[in-house]
Amino acid sequence: MGLPRRAGDPAELRKSLKPLLEKQRRARINESLRQLKGIILPLLGKESSSHSKLEKADILEMTVRFLRELPASFCPEAAPTPSDSYLEGYRACLARLTRVLPASRVLEPALSARLLEHLRRRAAGATPDGGSTAASCGPPTPSPAPSPPAPPCCPSLWRPW
């Protein structure tokens with residue numbers, strides 16, 4: 001469907017353009033929903049292939065549910081103070097990793113469980129001021145699994161995300 005050939009009455013022009021504009025609007029909505037589905041399914045730990053025929057309402061409902069489950073630290077009105085930001089960010093990352101890592105099957109289950117346990121111990125040992133009870137701002141002690149970066153030594157705001 002293209003543009004009308006004669007540019008007669010403006011009302012006639014609007015009338016002939018309306019279906020074309022509506023088609024473009026629907027195409028934009030469908031493309032955005034396709035992208036949203038591609039983003040939200042991996043975050044929920046679901047395979048795209050088994051959810052290839054999701055309805056638009058299902059995609060929107062899953063997104064709303066996911067956003068409601070986000071930690072309060074992502075909401076502007078409940079943002080943590082700068083001294084809590086490192087710990088809150090670390091815990092939020094750990095919570096998401098706990099959901100995504102086992103479902104993604106990137107690591108062997110035993111290694112995945114060991115890594116998550118190590119990260120949980122590190123989170124439990126952190127103090128509210130962003131430091132760690134086990135070590136100061138110096139280099140982290142070696143461990144068998146990768147560890148998160150050390151919190152900053154200076155009082156400026158640093159966010160791990």
# chains A, B, ... in the order shown; residues from 1 in each chain; ligands from 1
$ select_by_dssp --residues "stretch 28-112 of chain A" --states "alpha helix (DSSP H)" --output "PyMOL selection string"
chain A and resi 28-43+56-69+82-104+109-112
$ closest_residue --among "A:Pro10, A:Gly38, A:Pro71, A:Pro19" --to "A:Arg91" --atoms "only C-alpha atoms"
A:Pro71
$ atom_distance --atom1 "atom CA of A:Glu22" --atom2 "atom CA of A:Glu55"
20.1 Å
$ residues_around --residues "A:Leu60" --least-positions-apart "2" --cutoff "12 Å" --atoms "only C-alpha atoms" --output "mmCIF file with C-alpha atoms, in the first residue's frame"
data_model
loop_
_atom_site.group_PDB
_atom_site.id
_atom_site.type_symbol
_atom_site.label_atom_id
_atom_site.label_comp_id
_atom_site.auth_asym_id
_atom_site.auth_seq_id
_atom_site.Cartn_x
_atom_site.Cartn_y
_atom_site.Cartn_z
ATOM 1 C CA ILE A 29 4.826 -2.658 18.493
ATOM 2 C CA ASN A 30 5.502 -6.187 17.226
ATOM 3 C CA SER A 32 9.466 -4.071 20.320
ATOM 4 C CA LEU A 33 7.646 -7.111 21.721
ATOM 5 C CA ARG A 34 9.995 -9.419 19.802
ATOM 6 C CA GLN A 35 13.011 -7.639 21.310
ATOM 7 C CA LEU A 36 11.455 -7.672 24.782
ATOM 8 C CA LYS A 37 10.858 -11.424 24.491
ATOM 9 C CA ILE A 39 15.632 -9.985 26.550
ATOM 10 C CA ILE A 40 13.230 -11.320 29.188
ATOM 11 C CA LEU A 41 13.320 -15.075 28.443
ATOM 12 C CA LEU A 54 4.070 -16.646 23.220
ATOM 13 C CA GLU A 55 1.172 -14.247 23.019
ATOM 14 C CA LYS A 56 1.853 -10.531 23.334
ATOM 15 C CA ALA A 57 0.035 -10.441 26.669
ATOM 16 C CA ASP A 58 2.238 -13.282 27.992
ATOM 17 C CA MET A 62 6.374 -11.919 32.257
ATOM 18 C CA THR A 63 8.119 -8.550 31.963
ATOM 19 C CA VAL A 64 5.913 -6.927 34.595
ATOM 20 C CA ARG A 65 6.463 -9.877 36.953
ATOM 21 C CA PHE A 66 10.235 -9.698 36.424
ATOM 22 C CA LEU A 67 10.335 -5.943 37.054
#
$ closest_residue --among "A:Cys93, A:Leu21, A:Leu43, A:Leu13" --to "A:Arg120" --atoms "only C-alpha atoms"
A:Cys93
